[in-house]
Amino acid sequence: MKLDSMYQELILDHYKHPHGRGLRDGDAEVHHVNPTCGDEITLRVKYDGETLIDVSYEGQGCSISQASASVLNELLVGKDLSEAQKIQATFLELMQSKGKIEPDEAMEEVLEDAVAFAGVSKYPARVKCALLSWMAWKDATAQALGDAERKTA
Amino acid sequence: MKLDSMYQELILDHYKHPHGRGLRDGDAEVHHVNPTCGDEITLRVKYDGETLIDVSYEGQGCSISQASASVLNELLVGKDLSEAQKIQATFLELMQSKGKIEPDEAMEEVLEDAVAFAGVSKYPARVKCALLSWMAWKDATAQALGDAERKTA
Amino acid sequence: MTQLPGLLDIEAIRKDFPLLDRVVHDGKKIVYLDNAATSQKPRQVLDALNAYYERHNANVHRGVHVLAEEATALYEGARDKIATFINAPSRDEVIFTKNASESLNLVANMLGWADEPYRVDRETEIVITEMEHHSNIVPWQLLAQRTGAKLKWFGLTDDGRLDLSNIEEVITEKTKIVSFVLVSNILGTVNPVEAIVRRAQEVGALVLIDASQAVPHMPIDVQELGADFVAFTGHKMCGPTGIGVLWGRQELLEDLPPFLGGGEMIETVSMHSSTYAPAPHKFEAGTPPIAQAVGLGAAVDYLTSIGMDKIAAHEHAITEYAVKRLQEVPDLRIIGPTTAEDRGAAISFVLGDIHPHDVGQVLDEQGIAVRVGHHCARPVCLRYGIPATTRASFYLYSSPADVDALVAGLEHVRNFFG
Amino acid sequence: MTQLPGLLDIEAIRKDFPLLDRVVHDGKKIVYLDNAATSQKPRQVLDALNAYYERHNANVHRGVHVLAEEATALYEGARDKIATFINAPSRDEVIFTKNASESLNLVANMLGWADEPYRVDRETEIVITEMEHHSNIVPWQLLAQRTGAKLKWFGLTDDGRLDLSNIEEVITEKTKIVSFVLVSNILGTVNPVEAIVRRAQEVGALVLIDASQAVPHMPIDVQELGADFVAFTGHKMCGPTGIGVLWGRQELLEDLPPFLGGGEMIETVSMHSSTYAPAPHKFEAGTPPIAQAVGLGAAVDYLTSIGMDKIAAHEHAITEYAVKRLQEVPDLRIIGPTTAEDRGAAISFVLGDIHPHDVGQVLDEQGIAVRVGHHCARPVCLRYGIPATTRASFYLYSSPADVDALVAGLEHVRNFFG
Ligand SMILES: Cc1ncc(COP(=O)(O)O)c(C=O)c1O
Ligand SMILES: Cc1ncc(COP(=O)(O)O)c(C=O)c1O
């Protein structure tokens, strides 16, 4: 069934057993909404210098948006900012590919579990679900590190 | 040619040699506009008791609206109010007939020259031209006699 | 096939709707259950559009040439048809807009710019309900912000109906306008017009009814409703997109100020000042949606030829069947009335803790088109503490087999996420 | 047949337009010279409309089913096409409205409700011109009345051009918005954009260009124009009725407040307050004119396939020929520029003292469709002391033979009323 290309086993797993869910202490908090469907996420980031030491979140949404936040947590926490940004950019590229990118080994190395979302990129209405937490993370990071810069300035 | 049914000789005559054109003393004056084409008329009525003793007018418009004002002047001046109203009502009926009324003798007796407008009723865009002065007359009469009533009240 | 009393001859009707033959996802014939979002269009409406463009197209009014006269007659003829369809006392009370949203905004703006006694300002109040479509919420929020008026609303009962218990406190002497939905697009609820209109009239408030989900589905008589304005939209009633209607009482349309300015709505213009044409033209600035009005006229002819009472009976039968069958699905909870009484043919539900997006996606894969989300009525979702719903909505071409397909599809969804 | 340099292959093009085969008044093939009022539609546009309704029709956005995704892709794809057609820097700068009039009113209303520095109020001034269409006059009169702002305008020279001699007094530090027509629908004049934009920028005023009569007829590049907003309408450019466009600079669309409220334009709604979606959606309340956008996209594809520069050259040749031939008609006076320089293909004239209604009627009898009246630009008639004009206007399917038919028709008019 074609649907299986979107609902990979791995995605359903993350959906049912999300990583790092819940709100914990952070340097910045953002609230993002997907206006086309009403999915919502509240997300906090915590940095130690350039290292992302936690992403905590809460929200409501479909399996894709929930699983995507869980994968984000698993993938980004512990990474340096530049590395995390590279992963985010690669994920964005994959999601906006309209199903035209078949992830190669290099991409798999960067995205790990997140390559499972390749199938979602074929469903334009769901791409935004998959990106919700990633956009929130980007925004929160800008706020946290912008603040940090201001603090150190 | 079908057009001849609208542009009767008689209408063109009235258009080229209008009766009673120009503004003279009156009991009431109205200004009417045909918003669909911008034709305008300023019209005054003068009553002596119940008798319409003058209709004077000025304005700009097509042959149909000009001829219609001229015919109105010719037909109504000198008539009693009730008779004038009957003529107006009959003219209105003819003009709204969409070409479906073939004026009979009774109607011809009431409308005289104005039966020449029967052909205009087939052209919805022009019916308003033909009615412009007649509507203005009705309005002016209401004002003049309303005022008269108020005066005598 | 399941037979229910009161059904239309669905086979025959479906032949009129080309889209219903559409095949999706490798050979599945579409099961279109998204009628509350928009309806499909019968061949008759498409023919009217084509005939207009191929033979009569011209700008309306102001033309002496034959095409302009024909186009005008067709456009104004459509107005006559709509007036008859809703039993308007006068054709001049029918204003063509671009959609129901514009119709609702038009009233809000007229009242904002009106003179007394209609004027909405900081001394006055606006009343809506918690089950309104966003298009009947946001215009009033904007009006309230811009004039300082207070926005109030009726809440909802647990079973998806308006809570009118405090009607005397909600609608007061300060109320200038009460605007509410006749049939909710998310709950399916049919609201009690009479009670609200009576109270509004008591305090001298105007009443606007959002009949977007009513006019397509049941006989509507604006005189019987007793409201001052009624808004609806063409695309949900077999008509084209790009056209809506506002019906309003003649005296009000005469008294109230215009909204959009431009060609068609004027009597005479100079650089210094302008005067306006009488209604309905006063409210139709610019070239109107001519072809769309003609198409809506054809839609109204089509619906009338079938009979609005028969369509209502058909939908009632389908709704009754659907409400029953859906409640047989384990973990399914209907959001809104759980019987077919005073209820339209839009049925929202949640299925366990499976998110509606996932429900909709798996149904789609089976060729079943439903809508998921908050259906432009987010306050209803907040009220019932749910993120969103799945909504199946029916129309004159819907069959019991469509309901069966939906129920089978939902079983599949449960297995998929089970 | 008269051959002119730069003409398109008219025979081939006419085959695309079913209406041009229309026969009126006992066997006369229509000579359609009312293109400034509305254009005819090519088969390609009608096909796109039918394909949309027959195969893809659904409400856009918010849908996970295949029809909703297709309809959304078609609707948003049309936005991409329009953006490319006018060389917009971003697709998100293209707002779909119902017609040019709504586009113009939208800007006027945004500025009325805006915060500083955009806000129009009693301290500020609005500038238009005496040759505007009513749709670019009345919205500003309404705004001026409602905010207390002062409305000013450029006058006209005797030969039908803008009188910019006093530009420094007309556009001043108080000016918030300058709104003017690129090509006049009554005079045919093409206005000098650069001079006006330069002065407006000097004083920090926004510029809105009414390009309703330009976009259909010549290549338009919004970045080259240098304005802040550009408005135009679908039905004059081979598209359906019921759709217009407003292009606006992204930063402005972000800063300015919404106009109509409702579904589609929100981010999140509660009963207490709402937030809005980013542009263009912020300005598109309710179900948009979906099929009409798709049709307009097809129109743009059609025009592009022929080439806007070629269309402009064709019309220039026809206009040059028409201006010359018309001036051979005794007693005929052109209202507007009497050469084809800086001039569009709409030519207004008066014929002795024969009223334009009578001219139009007699031409109609010969199958020639022209427009008569004040063409929604009454101040121009007042300026030139005439009650109305007769207007012939050409498009890509117009031929020299059409001009010849018009000239012969006018001879007949003169004889009829001679
Ligand atoms: C110059 C100009 N501006 C604005 C308009 C208004 O366009 P619409 O009637 O489609 O709103 C027109 C055409 O009618 C026009 O010619
Ligand atoms: C109850 C209700 N009101 C208003 C609307 C708005 O209609 P439109 O989107 O056509 O403006 C809708 C449909 O979307 C609706 O269901």
# chains A, B, ... in the order shown; residues from 1 in each chain; ligands from 1
>>> residues_near_ligand(ligand="ligand 1", cutoff="6 Å", atoms="only C-alpha atoms and all ligand atoms", output="PyMOL selection string")
(chain C and resi 286-287) or (chain D and resi 37+99-101+133+135+181+184-185+210+212-213+233)
>>> residues_near_ligand(ligand="ligand 2", cutoff="10 Å", atoms="only C-alpha atoms and all ligand atoms", output="JSON, numbers by chain")
{"C": [35, 36, 37, 38, 97, 98, 99, 100, 101, 102, 103, 104, 105, 131, 132, 133, 134, 135, 136, 137, 180, 181, 182, 183, 184, 185, 186, 188, 209, 210, 211, 212, 213, 214, 231, 232, 233, 234, 235, 236, 241, 242, 243, 244, 245, 346, 375, 376, 377], "D": [59, 261, 262, 263, 264, 284, 285, 286, 287, 288, 289]}
>>> closest_atom_pairs(of="chain C", to="chain B", cutoff="6 Å", atoms="only C-alpha atoms", output="Markdown table")
| residue | atom | partner | partner_atom | distance |
| --- | --- | --- | --- | --- |
| C:Arg62 | CA | B:Thr36 | CA | 5.1 |
| C:Val64 | CA | B:Ala125 | CA | 5.9 |
| C:Glu267 | CA | B:Pro35 | CA | 4.7 |
>>> select_by_dssp(residues="stretch 15-92 of chain B", states="helix (DSSP H, G or I)", output="PyMOL selection string")
chain B and resi 15-16+63-76+81-92
>>> write_last_selection(atoms="N, CA, C and O atoms", output="mmCIF file, in the first residue's frame")
data_model
loop_
_atom_site.group_PDB
_atom_site.id
_atom_site.type_symbol
_atom_site.label_atom_id
_atom_site.label_comp_id
_atom_site.auth_asym_id
_atom_site.auth_seq_id
_atom_site.Cartn_x
_atom_site.Cartn_y
_atom_site.Cartn_z
ATOM 1 N N TYR B 15 -37.190 64.606 -31.820
ATOM 2 C CA TYR B 15 -35.809 64.783 -31.404
ATOM 3 C C TYR B 15 -35.205 66.017 -32.061
ATOM 4 O O TYR B 15 -34.559 66.850 -31.410
ATOM 5 N N LYS B 16 -35.483 66.173 -33.348
ATOM 6 C CA LYS B 16 -34.884 67.303 -34.054
ATOM 7 C C LYS B 16 -35.616 68.619 -33.767
ATOM 8 O O LYS B 16 -35.008 69.675 -33.815
ATOM 9 N N SER B 63 -31.554 60.531 -28.556
ATOM 10 C CA SER B 63 -32.762 60.880 -29.292
ATOM 11 C C SER B 63 -34.011 60.379 -28.577
ATOM 12 O O SER B 63 -35.029 61.060 -28.539
ATOM 13 N N ILE B 64 -33.919 59.185 -28.017
ATOM 14 C CA ILE B 64 -35.108 58.610 -27.373
ATOM 15 C C ILE B 64 -35.510 59.421 -26.155
ATOM 16 O O ILE B 64 -36.683 59.771 -25.983
ATOM 17 N N SER B 65 -34.559 59.780 -25.308
ATOM 18 C CA SER B 65 -34.935 60.513 -24.100
ATOM 19 C C SER B 65 -35.378 61.930 -24.449
ATOM 20 O O SER B 65 -36.300 62.472 -23.838
ATOM 21 N N GLN B 66 -34.734 62.521 -25.450
ATOM 22 C CA GLN B 66 -35.118 63.871 -25.848
ATOM 23 C C GLN B 66 -36.504 63.878 -26.490
ATOM 24 O O GLN B 66 -37.344 64.715 -26.166
ATOM 25 N N ALA B 67 -36.741 62.953 -27.375
ATOM 26 C CA ALA B 67 -38.038 62.903 -28.053
ATOM 27 C C ALA B 67 -39.141 62.599 -27.054
ATOM 28 O O ALA B 67 -40.248 63.137 -27.135
ATOM 29 N N SER B 68 -38.808 61.754 -26.098
ATOM 30 C CA SER B 68 -39.816 61.371 -25.118
ATOM 31 C C SER B 68 -40.241 62.571 -24.277
ATOM 32 O O SER B 68 -41.428 62.750 -23.970
ATOM 33 N N ALA B 69 -39.272 63.418 -23.909
ATOM 34 C CA ALA B 69 -39.605 64.622 -23.144
ATOM 35 C C ALA B 69 -40.478 65.559 -23.979
ATOM 36 O O ALA B 69 -41.420 66.177 -23.476
ATOM 37 N N SER B 70 -40.151 65.641 -25.256
ATOM 38 C CA SER B 70 -40.915 66.511 -26.149
ATOM 39 C C SER B 70 -42.360 66.014 -26.286
ATOM 40 O O SER B 70 -43.315 66.792 -26.209
ATOM 41 N N VAL B 71 -42.513 64.719 -26.460
ATOM 42 C CA VAL B 71 -43.850 64.131 -26.573
ATOM 43 C C VAL B 71 -44.627 64.331 -25.278
ATOM 44 O O VAL B 71 -45.817 64.661 -25.277
ATOM 45 N N LEU B 72 -43.945 64.161 -24.181
ATOM 46 C CA LEU B 72 -44.584 64.373 -22.880
ATOM 47 C C LEU B 72 -45.157 65.780 -22.803
ATOM 48 O O LEU B 72 -46.309 65.983 -22.412
ATOM 49 N N ASN B 73 -44.320 66.739 -23.171
ATOM 50 C CA ASN B 73 -44.771 68.124 -23.120
ATOM 51 C C ASN B 73 -46.024 68.303 -23.974
ATOM 52 O O ASN B 73 -47.029 68.852 -23.541
ATOM 53 N N GLU B 74 -45.941 67.785 -25.175
ATOM 54 C CA GLU B 74 -47.055 67.956 -26.106
ATOM 55 C C GLU B 74 -48.344 67.319 -25.582
ATOM 56 O O GLU B 74 -49.427 67.857 -25.707
ATOM 57 N N LEU B 75 -48.151 66.143 -24.960
ATOM 58 C CA LEU B 75 -49.309 65.353 -24.558
ATOM 59 C C LEU B 75 -49.944 65.836 -23.267
ATOM 60 O O LEU B 75 -51.168 65.843 -23.112
ATOM 61 N N LEU B 76 -49.113 66.198 -22.291
ATOM 62 C CA LEU B 76 -49.640 66.425 -20.947
ATOM 63 C C LEU B 76 -50.050 67.860 -20.679
ATOM 64 O O LEU B 76 -50.957 68.107 -19.883
ATOM 65 N N LEU B 81 -54.868 66.710 -13.909
ATOM 66 C CA LEU B 81 -53.954 65.788 -13.265
ATOM 67 C C LEU B 81 -54.339 64.326 -13.510
ATOM 68 O O LEU B 81 -53.508 63.498 -13.891
ATOM 69 N N SER B 82 -55.630 64.020 -13.288
ATOM 70 C CA SER B 82 -56.024 62.614 -13.367
ATOM 71 C C SER B 82 -55.841 62.071 -14.781
ATOM 72 O O SER B 82 -55.419 60.945 -14.982
ATOM 73 N N GLU B 83 -56.120 62.912 -15.757
ATOM 74 C CA GLU B 83 -55.940 62.487 -17.130
ATOM 75 C C GLU B 83 -54.458 62.284 -17.438
ATOM 76 O O GLU B 83 -54.052 61.293 -18.050
ATOM 77 N N ALA B 84 -53.648 63.222 -16.971
ATOM 78 C CA ALA B 84 -52.204 63.128 -17.190
ATOM 79 C C ALA B 84 -51.659 61.855 -16.548
ATOM 80 O O ALA B 84 -50.812 61.155 -17.121
ATOM 81 N N GLN B 85 -52.143 61.565 -15.364
ATOM 82 C CA GLN B 85 -51.679 60.353 -14.681
ATOM 83 C C GLN B 85 -52.049 59.098 -15.450
ATOM 84 O O GLN B 85 -51.288 58.136 -15.503
ATOM 85 N N LYS B 86 -53.238 59.127 -16.041
ATOM 86 C CA LYS B 86 -53.658 57.969 -16.816
ATOM 87 C C LYS B 86 -52.743 57.776 -18.029
ATOM 88 O O LYS B 86 -52.354 56.652 -18.350
ATOM 89 N N ILE B 87 -52.401 58.877 -18.662
ATOM 90 C CA ILE B 87 -51.507 58.791 -19.813
ATOM 91 C C ILE B 87 -50.144 58.258 -19.376
ATOM 92 O O ILE B 87 -49.574 57.358 -20.001
ATOM 93 N N GLN B 88 -49.666 58.785 -18.265
ATOM 94 C CA GLN B 88 -48.354 58.345 -17.779
ATOM 95 C C GLN B 88 -48.375 56.845 -17.492
ATOM 96 O O GLN B 88 -47.458 56.118 -17.859
ATOM 97 N N ALA B 89 -49.437 56.400 -16.833
ATOM 98 C CA ALA B 89 -49.517 54.977 -16.477
ATOM 99 C C ALA B 89 -49.573 54.103 -17.723
ATOM 100 O O ALA B 89 -48.948 53.036 -17.785
ATOM 101 N N THR B 90 -50.302 54.559 -18.702
ATOM 102 C CA THR B 90 -50.407 53.793 -19.939
ATOM 103 C C THR B 90 -49.060 53.732 -20.660
ATOM 104 O O THR B 90 -48.654 52.688 -21.175
ATOM 105 N N PHE B 91 -48.373 54.869 -20.666
ATOM 106 C CA PHE B 91 -47.055 54.904 -21.303
ATOM 107 C C PHE B 91 -46.099 53.944 -20.602
ATOM 108 O O PHE B 91 -45.361 53.185 -21.232
ATOM 109 N N LEU B 92 -46.141 53.968 -19.266
ATOM 110 C CA LEU B 92 -45.291 53.078 -18.477
ATOM 111 C C LEU B 92 -45.579 51.623 -18.825
ATOM 112 O O LEU B 92 -44.667 50.816 -19.031
#
>>> residues_around(residues="stretch 219-230 of chain C", least_positions_apart="3", cutoff="9 Å", atoms="only C-alpha atoms", output="ChimeraX atom specification")
/C:85-89,103-104,107,193-194,197-198,206-212,214-216,245-249,252,307-309,311-312
>>> select_by_dssp(residues="stretch 126-187 of chain D", states="strand (DSSP E)", output="ChimeraX atom specification")
/D:126-129,150-154,175-181
>>> residues_around(residues="B:Tyr7", least_positions_apart="4", cutoff="10 Å", atoms="only C-alpha atoms", output="ChimeraX atom specification")
/B:2-3,11-13,63-64,116-117,119-120 /D:358,362,416-417
>>> write_last_selection(atoms="N, CA and C atoms", output="tab-separated table (two decimals), in the first residue's frame")
chain	number	residue	atom	x	y	z
B	2	LYS	N	-34.85	46.50	-38.77
B	2	LYS	CA	-35.50	46.37	-37.47
B	2	LYS	C	-35.42	47.67	-36.67
B	3	LEU	N	-34.30	48.36	-36.85
B	3	LEU	CA	-34.06	49.59	-36.09
B	3	LEU	C	-35.17	50.61	-36.30
B	11	ILE	N	-40.43	59.92	-33.87
B	11	ILE	CA	-39.47	60.11	-32.78
B	11	ILE	C	-38.32	61.00	-33.24
B	12	LEU	N	-37.83	60.72	-34.43
B	12	LEU	CA	-36.73	61.53	-34.95
B	12	LEU	C	-37.17	62.98	-35.13
B	13	ASP	N	-38.42	63.15	-35.54
B	13	ASP	CA	-38.96	64.51	-35.67
B	13	ASP	C	-38.96	65.25	-34.34
B	63	SER	N	-31.55	60.53	-28.56
B	63	SER	CA	-32.76	60.88	-29.29
B	63	SER	C	-34.01	60.38	-28.58
B	64	ILE	N	-33.92	59.19	-28.02
B	64	ILE	CA	-35.11	58.61	-27.37
B	64	ILE	C	-35.51	59.42	-26.16
B	116	ALA	N	-45.70	55.81	-30.73
B	116	ALA	CA	-44.52	55.60	-31.56
B	116	ALA	C	-43.38	54.95	-30.79
B	117	PHE	N	-43.44	55.03	-29.45
B	117	PHE	CA	-42.37	54.44	-28.63
B	117	PHE	C	-42.53	52.94	-28.42
B	119	GLY	N	-41.93	50.51	-30.22
B	119	GLY	CA	-40.76	49.77	-30.68
B	119	GLY	C	-39.58	49.83	-29.70
B	120	VAL	N	-39.50	50.93	-28.94
B	120	VAL	CA	-38.39	51.09	-27.99
B	120	VAL	C	-38.47	50.03	-26.89
D	358	ASP	N	-27.30	56.76	-29.54
D	358	ASP	CA	-27.87	56.55	-30.88
D	358	ASP	C	-26.81	55.98	-31.82
D	362	VAL	N	-27.26	52.18	-33.61
D	362	VAL	CA	-27.24	51.96	-35.05
D	362	VAL	C	-26.06	51.05	-35.44
D	416	PHE	N	-28.24	57.97	-41.17
D	416	PHE	CA	-29.49	57.70	-40.46
D	416	PHE	C	-30.00	58.93	-39.74
D	417	PHE	N	-29.08	59.64	-39.10
D	417	PHE	CA	-29.50	60.82	-38.34
D	417	PHE	C	-29.26	62.12	-39.11
>>> atom_distance(atom1="atom CA of C:His357", atom2="atom CA of C:Val190")
26.5 Å
>>> residues_around(residues="stretch 53-56 of chain A", least_positions_apart="5", cutoff="9 Å", atoms="only C-alpha atoms", output="ChimeraX atom specification")
/A:20-26,42-48,72-73,76-79,137
>>> closest_residue(among="B:Gly49, B:Val127, B:Tyr57, B:Asp104", to="B:His31", atoms="only C-alpha atoms")
B:Tyr57
>>> decode(residues="stretch 39-48 of chain A", atoms="all heavy atoms", output="PDB file, in the first residue's frame")
ATOM      1  N   ASP A  39      -2.446  22.236  13.991  1.00  0.00           N
ATOM      2  CA  ASP A  39      -1.460  21.576  14.851  1.00  0.00           C
ATOM      3  C   ASP A  39      -0.665  22.639  15.609  1.00  0.00           C
ATOM      4  O   ASP A  39      -0.346  23.685  15.068  1.00  0.00           O
ATOM      5  CB  ASP A  39      -0.478  20.744  14.005  1.00  0.00           C
ATOM      6  CG  ASP A  39      -1.085  19.412  13.598  1.00  0.00           C
ATOM      7  OD1 ASP A  39      -2.259  19.164  13.924  1.00  0.00           O
ATOM      8  OD2 ASP A  39      -0.371  18.625  12.942  1.00  0.00           O
ATOM      9  N   GLU A  40      -0.332  22.316  16.867  1.00  0.00           N
ATOM     10  CA  GLU A  40       0.381  23.291  17.686  1.00  0.00           C
ATOM     11  C   GLU A  40       1.543  22.632  18.400  1.00  0.00           C
ATOM     12  O   GLU A  40       1.476  21.462  18.762  1.00  0.00           O
ATOM     13  CB  GLU A  40      -0.557  23.875  18.757  1.00  0.00           C
ATOM     14  CG  GLU A  40      -1.724  24.603  18.154  1.00  0.00           C
ATOM     15  CD  GLU A  40      -2.577  25.312  19.191  1.00  0.00           C
ATOM     16  OE1 GLU A  40      -2.078  25.552  20.310  1.00  0.00           O
ATOM     17  OE2 GLU A  40      -3.736  25.621  18.868  1.00  0.00           O
ATOM     18  N   ILE A  41       2.591  23.390  18.632  1.00  0.00           N
ATOM     19  CA  ILE A  41       3.688  22.885  19.447  1.00  0.00           C
ATOM     20  C   ILE A  41       4.252  24.021  20.287  1.00  0.00           C
ATOM     21  O   ILE A  41       4.338  25.166  19.838  1.00  0.00           O
ATOM     22  CB  ILE A  41       4.800  22.241  18.569  1.00  0.00           C
ATOM     23  CG1 ILE A  41       5.757  21.435  19.458  1.00  0.00           C
ATOM     24  CG2 ILE A  41       5.556  23.296  17.774  1.00  0.00           C
ATOM     25  CD1 ILE A  41       6.635  20.470  18.670  1.00  0.00           C
ATOM     26  N   THR A  42       4.575  23.693  21.543  1.00  0.00           N
ATOM     27  CA  THR A  42       5.353  24.594  22.391  1.00  0.00           C
ATOM     28  C   THR A  42       6.702  23.919  22.574  1.00  0.00           C
ATOM     29  O   THR A  42       6.743  22.729  22.935  1.00  0.00           O
ATOM     30  CB  THR A  42       4.661  24.800  23.749  1.00  0.00           C
ATOM     31  OG1 THR A  42       3.333  25.245  23.508  1.00  0.00           O
ATOM     32  CG2 THR A  42       5.402  25.821  24.590  1.00  0.00           C
ATOM     33  N   LEU A  43       7.753  24.632  22.305  1.00  0.00           N
ATOM     34  CA  LEU A  43       9.073  23.983  22.279  1.00  0.00           C
ATOM     35  C   LEU A  43      10.109  24.867  22.971  1.00  0.00           C
ATOM     36  O   LEU A  43      10.106  26.089  22.815  1.00  0.00           O
ATOM     37  CB  LEU A  43       9.446  23.701  20.817  1.00  0.00           C
ATOM     38  CG  LEU A  43      10.780  23.017  20.519  1.00  0.00           C
ATOM     39  CD1 LEU A  43      10.622  22.072  19.324  1.00  0.00           C
ATOM     40  CD2 LEU A  43      11.889  24.021  20.255  1.00  0.00           C
ATOM     41  N   ARG A  44      10.960  24.202  23.803  1.00  0.00           N
ATOM     42  CA  ARG A  44      12.040  24.931  24.489  1.00  0.00           C
ATOM     43  C   ARG A  44      13.383  24.334  24.111  1.00  0.00           C
ATOM     44  O   ARG A  44      13.491  23.119  23.936  1.00  0.00           O
ATOM     45  CB  ARG A  44      11.875  24.824  26.001  1.00  0.00           C
ATOM     46  CG  ARG A  44      10.674  25.557  26.516  1.00  0.00           C
ATOM     47  CD  ARG A  44      10.623  25.490  28.028  1.00  0.00           C
ATOM     48  NE  ARG A  44       9.338  26.011  28.495  1.00  0.00           N
ATOM     49  CZ  ARG A  44       8.810  25.735  29.674  1.00  0.00           C
ATOM     50  NH1 ARG A  44       9.444  24.927  30.518  1.00  0.00           N
ATOM     51  NH2 ARG A  44       7.653  26.255  30.012  1.00  0.00           N
ATOM     52  N   VAL A  45      14.388  25.183  24.024  1.00  0.00           N
ATOM     53  CA  VAL A  45      15.749  24.692  23.778  1.00  0.00           C
ATOM     54  C   VAL A  45      16.638  25.120  24.950  1.00  0.00           C
ATOM     55  O   VAL A  45      16.400  26.150  25.584  1.00  0.00           O
ATOM     56  CB  VAL A  45      16.349  25.274  22.481  1.00  0.00           C
ATOM     57  CG1 VAL A  45      15.636  24.725  21.269  1.00  0.00           C
ATOM     58  CG2 VAL A  45      16.311  26.798  22.496  1.00  0.00           C
ATOM     59  N   LYS A  46      17.630  24.296  25.198  1.00  0.00           N
ATOM     60  CA  LYS A  46      18.604  24.642  26.250  1.00  0.00           C
ATOM     61  C   LYS A  46      19.991  24.418  25.663  1.00  0.00           C
ATOM     62  O   LYS A  46      20.294  23.366  25.102  1.00  0.00           O
ATOM     63  CB  LYS A  46      18.370  23.752  27.467  1.00  0.00           C
ATOM     64  CG  LYS A  46      19.351  23.975  28.592  1.00  0.00           C
ATOM     65  CD  LYS A  46      18.633  24.373  29.886  1.00  0.00           C
ATOM     66  CE  LYS A  46      19.622  24.857  30.939  1.00  0.00           C
ATOM     67  NZ  LYS A  46      19.643  26.328  31.025  1.00  0.00           N
ATOM     68  N   TYR A  47      20.784  25.431  25.730  1.00  0.00           N
ATOM     69  CA  TYR A  47      22.147  25.360  25.199  1.00  0.00           C
ATOM     70  C   TYR A  47      23.153  25.460  26.332  1.00  0.00           C
ATOM     71  O   TYR A  47      22.932  26.137  27.338  1.00  0.00           O
ATOM     72  CB  TYR A  47      22.402  26.498  24.201  1.00  0.00           C
ATOM     73  CG  TYR A  47      21.806  26.206  22.846  1.00  0.00           C
ATOM     74  CD1 TYR A  47      20.500  26.568  22.546  1.00  0.00           C
ATOM     75  CD2 TYR A  47      22.548  25.542  21.867  1.00  0.00           C
ATOM     76  CE1 TYR A  47      19.932  26.276  21.325  1.00  0.00           C
ATOM     77  CE2 TYR A  47      21.997  25.250  20.637  1.00  0.00           C
ATOM     78  CZ  TYR A  47      20.691  25.617  20.358  1.00  0.00           C
ATOM     79  OH  TYR A  47      20.148  25.325  19.157  1.00  0.00           O
ATOM     80  N   ASP A  48      24.296  24.765  26.130  1.00  0.00           N
ATOM     81  CA  ASP A  48      25.452  24.988  26.994  1.00  0.00           C
ATOM     82  C   ASP A  48      26.535  25.463  26.038  1.00  0.00           C
ATOM     83  O   ASP A  48      27.141  24.661  25.321  1.00  0.00           O
ATOM     84  CB  ASP A  48      25.837  23.669  27.677  1.00  0.00           C
ATOM     85  CG  ASP A  48      27.058  23.855  28.566  1.00  0.00           C
ATOM     86  OD1 ASP A  48      27.513  25.027  28.709  1.00  0.00           O
ATOM     87  OD2 ASP A  48      27.557  22.841  29.087  1.00  0.00           O
TER      88      ASP A  48
END
